[in-house]
>>> print(open('upload_36.cif').read())   # mmCIF, C-alpha atoms
data_coords
loop_
_atom_site.label_atom_id
_atom_site.label_comp_id
_atom_site.auth_asym_id
_atom_site.auth_seq_id
_atom_site.Cartn_x
_atom_site.Cartn_y
_atom_site.Cartn_z
CA MET F 1 -37.75 139.83 -198.86
CA TYR F 2 -38.98 142.91 -200.70
CA GLU F 3 -35.66 143.21 -202.53
CA LEU F 4 -35.81 139.53 -203.46
CA PHE F 5 -39.23 139.84 -205.06
CA LYS F 6 -38.21 143.10 -206.72
CA SER F 7 -35.21 141.33 -208.25
CA LEU F 8 -37.50 138.47 -209.28
CA GLY F 9 -39.81 140.92 -211.06
CA SER F 10 -36.86 142.41 -212.91
CA TRP F 11 -35.60 138.94 -213.81
CA LEU F 12 -38.98 137.86 -215.21
CA THR F 13 -39.59 141.06 -217.18
CA ASP F 14 -36.11 141.46 -218.62
CA ALA F 15 -36.46 141.07 -222.41
CA ALA F 16 -33.01 139.51 -222.65
CA GLN F 17 -34.11 136.80 -220.24
CA TRP F 18 -36.74 135.62 -222.73
CA SER F 19 -34.51 135.25 -225.80
CA GLY F 20 -31.84 132.79 -226.87
CA SER F 21 -31.31 129.10 -226.17
CA ASP F 22 -31.19 129.77 -222.42
CA GLY F 23 -34.16 132.12 -222.47
CA ILE F 24 -37.47 131.54 -220.74
CA ALA F 25 -39.39 131.05 -224.00
CA HIS F 26 -37.04 128.27 -225.13
CA ARG F 27 -36.95 126.59 -221.71
CA LEU F 28 -40.74 126.77 -221.51
CA ALA F 29 -41.07 125.08 -224.91
CA GLU F 30 -38.71 122.31 -223.75
CA HIS F 31 -40.63 121.87 -220.52
CA LEU F 32 -43.96 121.57 -222.34
CA GLN F 33 -42.46 119.14 -224.84
CA TYR F 34 -41.23 116.83 -222.07
CA SER F 35 -44.53 117.08 -220.20
CA LEU F 36 -46.88 116.56 -223.13
CA LEU F 37 -44.91 113.66 -224.61
CA ALA F 38 -44.67 111.88 -221.25
CA THR F 39 -48.42 112.38 -220.66
CA LEU F 40 -49.26 111.04 -224.13
CA ILE F 41 -47.16 107.93 -223.52
CA ALA F 42 -48.76 107.47 -220.10
CA THR F 43 -52.22 107.85 -221.66
CA ALA F 44 -51.40 105.20 -224.27
CA ILE F 45 -50.52 102.85 -221.41
CA GLY F 46 -52.96 103.80 -218.67
CA LEU F 47 -56.16 104.48 -220.62
CA PRO F 48 -56.51 101.04 -222.29
CA LEU F 49 -55.56 99.37 -219.00
CA GLY F 50 -58.16 101.33 -217.06
CA LEU F 51 -60.82 100.65 -219.69
CA LEU F 52 -60.02 96.95 -219.73
CA ILE F 53 -60.15 96.37 -215.99
CA GLY F 54 -63.18 98.65 -215.62
CA HIS F 55 -65.08 96.84 -218.36
CA THR F 56 -64.19 93.27 -217.40
CA GLY F 57 -63.66 93.70 -213.66
CA ARG F 58 -60.63 91.44 -213.98
CA GLY F 59 -57.18 92.33 -212.69
CA ALA F 60 -58.46 95.38 -210.83
CA PHE F 61 -56.64 94.57 -207.58
CA LEU F 62 -53.31 93.99 -209.32
CA ALA F 63 -53.59 97.00 -211.65
CA ILE F 64 -54.62 99.46 -208.96
CA ASN F 65 -51.91 98.28 -206.60
CA LEU F 66 -49.28 98.46 -209.32
CA ALA F 67 -50.49 101.97 -210.10
CA SER F 68 -50.19 102.90 -206.43
CA PHE F 69 -46.69 101.43 -206.38
CA GLY F 70 -45.78 103.60 -209.36
CA ARG F 71 -47.07 106.67 -207.52
CA ALA F 72 -44.92 105.83 -204.51
CA LEU F 73 -41.69 105.49 -206.52
CA PRO F 74 -39.17 108.25 -205.76
CA THR F 75 -38.96 110.13 -209.06
CA VAL F 76 -35.38 111.35 -208.73
CA GLY F 77 -34.25 107.91 -207.57
CA LEU F 78 -35.88 106.32 -210.62
CA VAL F 79 -34.20 108.85 -212.91
CA VAL F 80 -30.80 108.07 -211.41
CA LEU F 81 -31.38 104.32 -211.63
CA VAL F 82 -32.40 104.40 -215.31
CA PHE F 83 -29.64 106.93 -216.02
CA LEU F 84 -27.03 104.53 -214.64
CA ALA F 85 -28.47 101.69 -216.73
CA SER F 86 -28.99 103.53 -220.02
CA GLY F 87 -26.48 106.38 -219.97
CA LEU F 88 -26.99 110.03 -220.83
CA SER F 89 -30.34 110.33 -222.61
CA MET F 90 -33.87 111.55 -222.04
CA TRP F 91 -35.07 107.99 -221.37
CA PRO F 92 -34.61 108.24 -217.58
CA VAL F 93 -36.69 111.41 -217.50
CA TYR F 94 -39.50 110.07 -219.66
CA ILE F 95 -39.66 106.75 -217.79
CA ALA F 96 -39.91 108.57 -214.45
CA LEU F 97 -42.57 111.00 -215.71
CA VAL F 98 -44.61 108.22 -217.32
CA ALA F 99 -44.43 106.17 -214.11
CA LEU F 100 -45.74 109.22 -212.26
CA ALA F 101 -48.62 109.86 -214.69
CA VAL F 102 -49.94 106.33 -215.25
CA PRO F 103 -51.47 105.84 -211.75
CA ALA F 104 -53.77 108.87 -212.01
CA ILE F 105 -54.94 107.80 -215.47
CA VAL F 106 -55.53 104.16 -214.52
CA THR F 107 -57.34 104.87 -211.26
CA ASN F 108 -59.61 107.59 -212.67
CA THR F 109 -60.44 105.57 -215.78
CA TYR F 110 -61.26 102.55 -213.64
CA ALA F 111 -63.35 104.70 -211.27
CA GLY F 112 -65.23 106.21 -214.19
CA MET F 113 -65.99 102.81 -215.69
CA THR F 114 -67.18 101.32 -212.41
CA ALA F 115 -69.40 104.35 -211.77
CA VAL F 116 -71.50 103.57 -214.86
CA ASP F 117 -74.96 102.35 -213.79
CA PRO F 118 -75.15 98.54 -214.29
CA ASP F 119 -78.77 98.94 -215.42
CA VAL F 120 -77.59 101.09 -218.33
CA LYS F 121 -75.13 98.40 -219.39
CA ASP F 122 -77.79 95.71 -219.04
CA ALA F 123 -80.15 97.76 -221.20
CA ALA F 124 -77.46 98.12 -223.86
CA HIS F 125 -76.87 94.37 -223.85
CA GLY F 126 -80.63 93.84 -224.01
CA GLN F 127 -80.79 95.90 -227.20
CA GLY F 128 -78.33 93.48 -228.82
CA MET F 129 -75.16 95.53 -228.50
CA ARG F 130 -71.94 93.54 -228.45
CA ALA F 131 -69.36 93.87 -225.67
CA HIS F 132 -67.11 96.26 -227.60
CA GLN F 133 -70.13 98.39 -228.56
CA VAL F 134 -71.20 98.65 -224.93
CA LEU F 135 -67.64 99.62 -224.00
CA PHE F 136 -67.14 102.37 -226.58
CA GLN F 137 -70.71 103.58 -227.10
CA VAL F 138 -72.05 103.41 -223.53
CA GLU F 139 -69.44 102.98 -220.82
CA PHE F 140 -66.66 105.13 -222.26
CA PRO F 141 -68.82 108.22 -222.95
CA LEU F 142 -70.37 108.04 -219.48
CA ALA F 143 -66.96 107.57 -217.84
CA LEU F 144 -65.32 110.35 -219.86
CA PRO F 145 -65.63 113.15 -217.26
CA LEU F 146 -63.68 111.13 -214.68
CA ILE F 147 -61.23 109.98 -217.34
CA MET F 148 -60.53 113.58 -218.30
CA THR F 149 -60.02 114.45 -214.64
CA GLY F 150 -57.39 111.72 -214.47
CA LEU F 151 -55.64 113.05 -217.58
CA ARG F 152 -55.69 116.57 -216.15
CA LEU F 153 -54.22 115.45 -212.84
CA ALA F 154 -51.56 113.40 -214.62
CA LEU F 155 -50.50 116.33 -216.82
CA ILE F 156 -50.28 118.75 -213.89
CA GLN F 157 -48.20 116.26 -211.88
CA VAL F 158 -45.88 115.76 -214.83
CA VAL F 159 -45.50 119.51 -215.46
CA ALA F 160 -44.60 120.05 -211.81
CA THR F 161 -42.07 117.20 -211.86
CA ALA F 162 -40.51 117.73 -215.31
CA THR F 163 -37.88 119.92 -213.64
CA ILE F 164 -35.95 116.66 -213.10
CA ALA F 165 -34.84 116.83 -216.76
CA ALA F 166 -32.30 119.43 -215.64
CA TYR F 167 -31.03 116.98 -213.00
CA VAL F 168 -29.46 114.89 -215.79
CA SER F 169 -28.24 117.91 -217.76
CA PHE F 170 -31.22 118.47 -220.07
CA GLY F 171 -33.41 121.55 -220.45
CA GLY F 172 -36.79 122.77 -219.33
CA LEU F 173 -37.66 125.25 -216.61
CA GLY F 174 -35.84 123.10 -214.09
CA ARG F 175 -32.62 124.41 -215.62
CA TYR F 176 -33.15 127.66 -213.70
CA VAL F 177 -33.68 125.80 -210.43
CA PHE F 178 -30.64 123.53 -210.67
CA ASP F 179 -28.34 126.16 -212.22
CA GLY F 180 -29.49 128.69 -209.65
CA LEU F 181 -28.73 126.29 -206.80
CA ALA F 182 -25.28 125.58 -208.25
CA GLN F 183 -24.57 129.30 -208.62
CA ARG F 184 -26.24 130.22 -205.32
CA ASP F 185 -28.51 132.53 -207.31
CA LEU F 186 -31.71 132.64 -205.26
CA VAL F 187 -33.50 134.89 -207.76
CA GLN F 188 -32.96 132.37 -210.56
CA VAL F 189 -34.10 129.48 -208.34
CA LEU F 190 -37.23 131.36 -207.31
CA GLY F 191 -37.86 132.41 -210.91
CA GLY F 192 -37.74 128.82 -212.12
CA ALA F 193 -40.07 127.68 -209.34
CA VAL F 194 -42.55 130.49 -210.06
CA LEU F 195 -42.56 129.70 -213.78
CA VAL F 196 -43.23 125.99 -213.19
CA ALA F 197 -46.03 126.81 -210.75
CA ALA F 198 -47.53 129.34 -213.18
CA VAL F 199 -47.51 126.84 -216.06
CA ALA F 200 -49.15 124.18 -213.87
CA VAL F 201 -51.86 126.58 -212.68
CA VAL F 202 -52.60 127.92 -216.18
CA LEU F 203 -52.86 124.41 -217.64
CA ASP F 204 -55.06 123.25 -214.79
CA LEU F 205 -57.42 126.19 -215.20
CA ALA F 206 -57.52 125.77 -218.99
CA LEU F 207 -58.23 122.03 -218.85
CA SER F 208 -60.74 122.48 -216.04
CA GLY F 209 -62.55 125.10 -218.09
CA LEU F 210 -62.50 122.86 -221.17
CA GLN F 211 -63.91 119.98 -219.12
CA ARG F 212 -66.74 122.14 -217.78
CA PHE F 213 -67.52 123.36 -221.29
CA LEU F 214 -67.57 119.88 -222.81
CA PHE F 215 -69.82 118.42 -220.09
CA ARG F 216 -71.89 121.49 -219.25
CA HIS F 217 -75.16 119.83 -220.36
CA ARG F 218 -74.42 116.70 -218.39
CA THR F 219 -74.10 118.60 -215.11
CA ALA F 220 -76.93 121.02 -215.78
#
>>> encode(input="upload_36.cif", output="structure tokens")
Amino acid sequence: MYELFKSLGSWLTDAAQWSGSDGIAHRLAEHLQYSLLATLIATAIGLPLGLLIGHTGRGAFLAINLASFGRALPTVGLVVLVFLASGLSMWPVYIALVALAVPAIVTNTYAGMTAVDPDVKDAAHGQGMRAHQVLFQVEFPLALPLIMTGLRLALIQVVATATIAAYVSFGGLGRYVFDGLAQRDLVQVLGGAVLVAAVAVVLDLALSGLQRFLFRHRTA
């Protein structure tokens, strides 16, 4: 075990391992590109849906259950299914990652909206605010901490799962995991896993810190 971790340290600190199209820096950039784009697409889908059902109270049962269904989908199975239907492209990967991210965004947005005090909304209506003004000037700001938590959870889940891009011959940090398994190179497999975990932890800490900073007065 000691030799394994010693070899891992050498693998991670080798300057040659960080350069070139197969280097860690390039694979990391690919991994972040896949993750961020998938999370942005999921946000464009999940955030309006969560705001709508939270504001109107309509369709909540259907939306939440569909979101739970999306969470239960086997990611690799979905990639293979879309891959067979669409051929060799990044579409299977993005569809699977978006399907994974949407549930966390929808459920947290909905939870944030429903947590807003009804008396506050009634007071806003009493002051003559229209429905869209109540939504964007009252409900959304108050729900924002929970919404951001949902976005953070979605991004971390996507980062941890974006290794599947390598499953259909694309890049990212998953390349080390799948290539290492094919070559029976345990150091490379472990290196890929450690890098993915490190990226997920760093992003989680950074976003958590940003969230605390933005809402520090609200929790004081």
>>> resolve_selection(input="upload_36.cif", expression="the PyMOL selection byres ((chain F and resi 12) around 12)", output="compact mmCIF listing (two decimals) with C-alpha atoms, keeping the file's coordinate frame")
# COMPACT_ATOMS: atom_id res chain seq x y z
CA PHE F 5 -39.23 139.84 -205.06
CA LYS F 6 -38.21 143.10 -206.72
CA SER F 7 -35.21 141.33 -208.25
CA LEU F 8 -37.50 138.47 -209.28
CA GLY F 9 -39.81 140.92 -211.06
CA SER F 10 -36.86 142.41 -212.91
CA TRP F 11 -35.60 138.94 -213.81
CA THR F 13 -39.59 141.06 -217.18
CA ASP F 14 -36.11 141.46 -218.62
CA ALA F 15 -36.46 141.07 -222.41
CA ALA F 16 -33.01 139.51 -222.65
CA GLN F 17 -34.11 136.80 -220.24
CA TRP F 18 -36.74 135.62 -222.73
CA SER F 19 -34.51 135.25 -225.80
CA GLY F 23 -34.16 132.12 -222.47
CA ILE F 24 -37.47 131.54 -220.74
CA ALA F 25 -39.39 131.05 -224.00
CA TYR F 176 -33.15 127.66 -213.70
CA VAL F 187 -33.50 134.89 -207.76
CA GLN F 188 -32.96 132.37 -210.56
CA VAL F 189 -34.10 129.48 -208.34
CA LEU F 190 -37.23 131.36 -207.31
CA GLY F 191 -37.86 132.41 -210.91
CA GLY F 192 -37.74 128.82 -212.12
CA ALA F 193 -40.07 127.68 -209.34
CA VAL F 194 -42.55 130.49 -210.06
CA LEU F 195 -42.56 129.70 -213.78
>>> residues_around(input="upload_36.cif", residues="range 142-159 of chain F", least_positions_apart="4", cutoff="6 Å", atoms="all atoms listed in the file", output="ChimeraX atom specification")
/F:35,39,97,101,104-105,108-109,112-113,200
>>> atom_distance(input="upload_36.cif", atom1="CA of Leu51 in chain F", atom2="CA of Val201 in chain F")
28.3 Å
>>> atom_distance(input="upload_36.cif", atom1="CA of Val116 in chain F", atom2="CA of Leu36 in chain F")
29.0 Å
>>> closest_residue(input="upload_36.cif", among="F:Val93, F:Gly180, F:Gly126, F:Glu139", to="His31 in chain F", atoms="all atoms listed in the file")
F:Val93
>>> atom_distance(input="upload_36.cif", atom1="CA of Gln33 in chain F", atom2="CA of Ala206 in chain F")
17.5 Å
>>> resolve_selection(input="upload_36.cif", expression="the PyMOL selection byres ((chain F and resi 120) around 12)", output="list in words")
Thr114, Ala115, Val116, Asp117, Pro118, Asp119, Lys121, Asp122, Ala123, Ala124, His125, Gly126, Gln127, Met129, Val134, Leu135, Gln137, Val138, Glu139 and Leu142 of chain F
>>> resolve_selection(input="upload_36.cif", expression="the PyMOL selection byres ((chain F and resi 168-172) around 7)", output="compact mmCIF listing (two decimals) with C-alpha atoms, keeping the file's coordinate frame")
# COMPACT_ATOMS: atom_id res chain seq x y z
CA ARG F 27 -36.95 126.59 -221.71
CA LEU F 28 -40.74 126.77 -221.51
CA GLU F 30 -38.71 122.31 -223.75
CA HIS F 31 -40.63 121.87 -220.52
CA THR F 163 -37.88 119.92 -213.64
CA ALA F 165 -34.84 116.83 -216.76
CA ALA F 166 -32.30 119.43 -215.64
CA TYR F 167 -31.03 116.98 -213.00
CA LEU F 173 -37.66 125.25 -216.61
CA GLY F 174 -35.84 123.10 -214.09
CA ARG F 175 -32.62 124.41 -215.62
>>> axis_aligned_box(input="upload_36.cif", around="range 178-187 of chain F", padding_each_side="3 Å", output="JSON")
{"center_x": -29.0, "center_y": 129.2, "center_z": -208.7, "size_x": 14.9, "size_y": 17.4, "size_z": 13.0}
>>> closest_residue(input="upload_36.cif", among="F:Gly128, F:Ala38, F:Gly50, F:Leu62", to="Ala111 in chain F", atoms="only C-alpha atoms")
F:Gly50
>>> decode(input="upload_36.cif", residues="range 138-152 of chain F", atoms="N, CA, C and O atoms", output="PDB file, in the first residue's frame")
ATOM      1  N   VAL F 138     -39.651  39.385  -4.092  1.00  0.00           N
ATOM      2  CA  VAL F 138     -39.878  38.909  -2.724  1.00  0.00           C
ATOM      3  C   VAL F 138     -39.507  37.437  -2.576  1.00  0.00           C
ATOM      4  O   VAL F 138     -38.599  37.085  -1.809  1.00  0.00           O
ATOM      5  N   GLU F 139     -40.193  36.581  -3.305  1.00  0.00           N
ATOM      6  CA  GLU F 139     -39.999  35.144  -3.124  1.00  0.00           C
ATOM      7  C   GLU F 139     -38.601  34.678  -3.548  1.00  0.00           C
ATOM      8  O   GLU F 139     -37.929  33.954  -2.802  1.00  0.00           O
ATOM      9  N   PHE F 140     -38.191  35.084  -4.737  1.00  0.00           N
ATOM     10  CA  PHE F 140     -36.892  34.625  -5.247  1.00  0.00           C
ATOM     11  C   PHE F 140     -35.724  35.035  -4.346  1.00  0.00           C
ATOM     12  O   PHE F 140     -34.881  34.192  -4.008  1.00  0.00           O
ATOM     13  N   PRO F 141     -35.626  36.306  -3.925  1.00  0.00           N
ATOM     14  CA  PRO F 141     -34.512  36.664  -3.035  1.00  0.00           C
ATOM     15  C   PRO F 141     -34.511  35.882  -1.725  1.00  0.00           C
ATOM     16  O   PRO F 141     -33.446  35.503  -1.218  1.00  0.00           O
ATOM     17  N   LEU F 142     -35.704  35.659  -1.159  1.00  0.00           N
ATOM     18  CA  LEU F 142     -35.775  34.928   0.103  1.00  0.00           C
ATOM     19  C   LEU F 142     -35.453  33.446  -0.077  1.00  0.00           C
ATOM     20  O   LEU F 142     -34.932  32.797   0.833  1.00  0.00           O
ATOM     21  N   ALA F 143     -35.753  32.912  -1.263  1.00  0.00           N
ATOM     22  CA  ALA F 143     -35.495  31.497  -1.529  1.00  0.00           C
ATOM     23  C   ALA F 143     -34.071  31.242  -2.021  1.00  0.00           C
ATOM     24  O   ALA F 143     -33.646  30.090  -2.121  1.00  0.00           O
ATOM     25  N   LEU F 144     -33.338  32.303  -2.318  1.00  0.00           N
ATOM     26  CA  LEU F 144     -32.035  32.179  -2.965  1.00  0.00           C
ATOM     27  C   LEU F 144     -31.021  31.302  -2.228  1.00  0.00           C
ATOM     28  O   LEU F 144     -30.284  30.546  -2.865  1.00  0.00           O
ATOM     29  N   PRO F 145     -30.934  31.368  -0.884  1.00  0.00           N
ATOM     30  CA  PRO F 145     -29.972  30.480  -0.211  1.00  0.00           C
ATOM     31  C   PRO F 145     -30.205  28.997  -0.505  1.00  0.00           C
ATOM     32  O   PRO F 145     -29.257  28.262  -0.796  1.00  0.00           O
ATOM     33  N   LEU F 146     -31.460  28.547  -0.455  1.00  0.00           N
ATOM     34  CA  LEU F 146     -31.757  27.153  -0.761  1.00  0.00           C
ATOM     35  C   LEU F 146     -31.555  26.857  -2.245  1.00  0.00           C
ATOM     36  O   LEU F 146     -31.116  25.757  -2.614  1.00  0.00           O
ATOM     37  N   ILE F 147     -31.842  27.819  -3.091  1.00  0.00           N
ATOM     38  CA  ILE F 147     -31.624  27.635  -4.527  1.00  0.00           C
ATOM     39  C   ILE F 147     -30.136  27.438  -4.803  1.00  0.00           C
ATOM     40  O   ILE F 147     -29.738  26.549  -5.566  1.00  0.00           O
ATOM     41  N   MET F 148     -29.305  28.248  -4.167  1.00  0.00           N
ATOM     42  CA  MET F 148     -27.866  28.118  -4.364  1.00  0.00           C
ATOM     43  C   MET F 148     -27.343  26.791  -3.830  1.00  0.00           C
ATOM     44  O   MET F 148     -26.424  26.201  -4.387  1.00  0.00           O
ATOM     45  N   THR F 149     -27.941  26.313  -2.753  1.00  0.00           N
ATOM     46  CA  THR F 149     -27.562  24.994  -2.231  1.00  0.00           C
ATOM     47  C   THR F 149     -27.861  23.913  -3.271  1.00  0.00           C
ATOM     48  O   THR F 149     -27.052  23.002  -3.493  1.00  0.00           O
ATOM     49  N   GLY F 150     -29.012  24.031  -3.923  1.00  0.00           N
ATOM     50  CA  GLY F 150     -29.360  23.079  -4.965  1.00  0.00           C
ATOM     51  C   GLY F 150     -28.393  23.131  -6.132  1.00  0.00           C
ATOM     52  O   GLY F 150     -27.987  22.087  -6.667  1.00  0.00           O
ATOM     53  N   LEU F 151     -28.002  24.325  -6.542  1.00  0.00           N
ATOM     54  CA  LEU F 151     -27.036  24.473  -7.631  1.00  0.00           C
ATOM     55  C   LEU F 151     -25.686  23.885  -7.242  1.00  0.00           C
ATOM     56  O   LEU F 151     -25.016  23.241  -8.060  1.00  0.00           O
ATOM     57  N   ARG F 152     -25.285  24.107  -5.998  1.00  0.00           N
ATOM     58  CA  ARG F 152     -24.009  23.558  -5.523  1.00  0.00           C
ATOM     59  C   ARG F 152     -24.028  22.040  -5.520  1.00  0.00           C
ATOM     60  O   ARG F 152     -23.092  21.396  -6.010  1.00  0.00           O
TER      61      ARG F 152
END
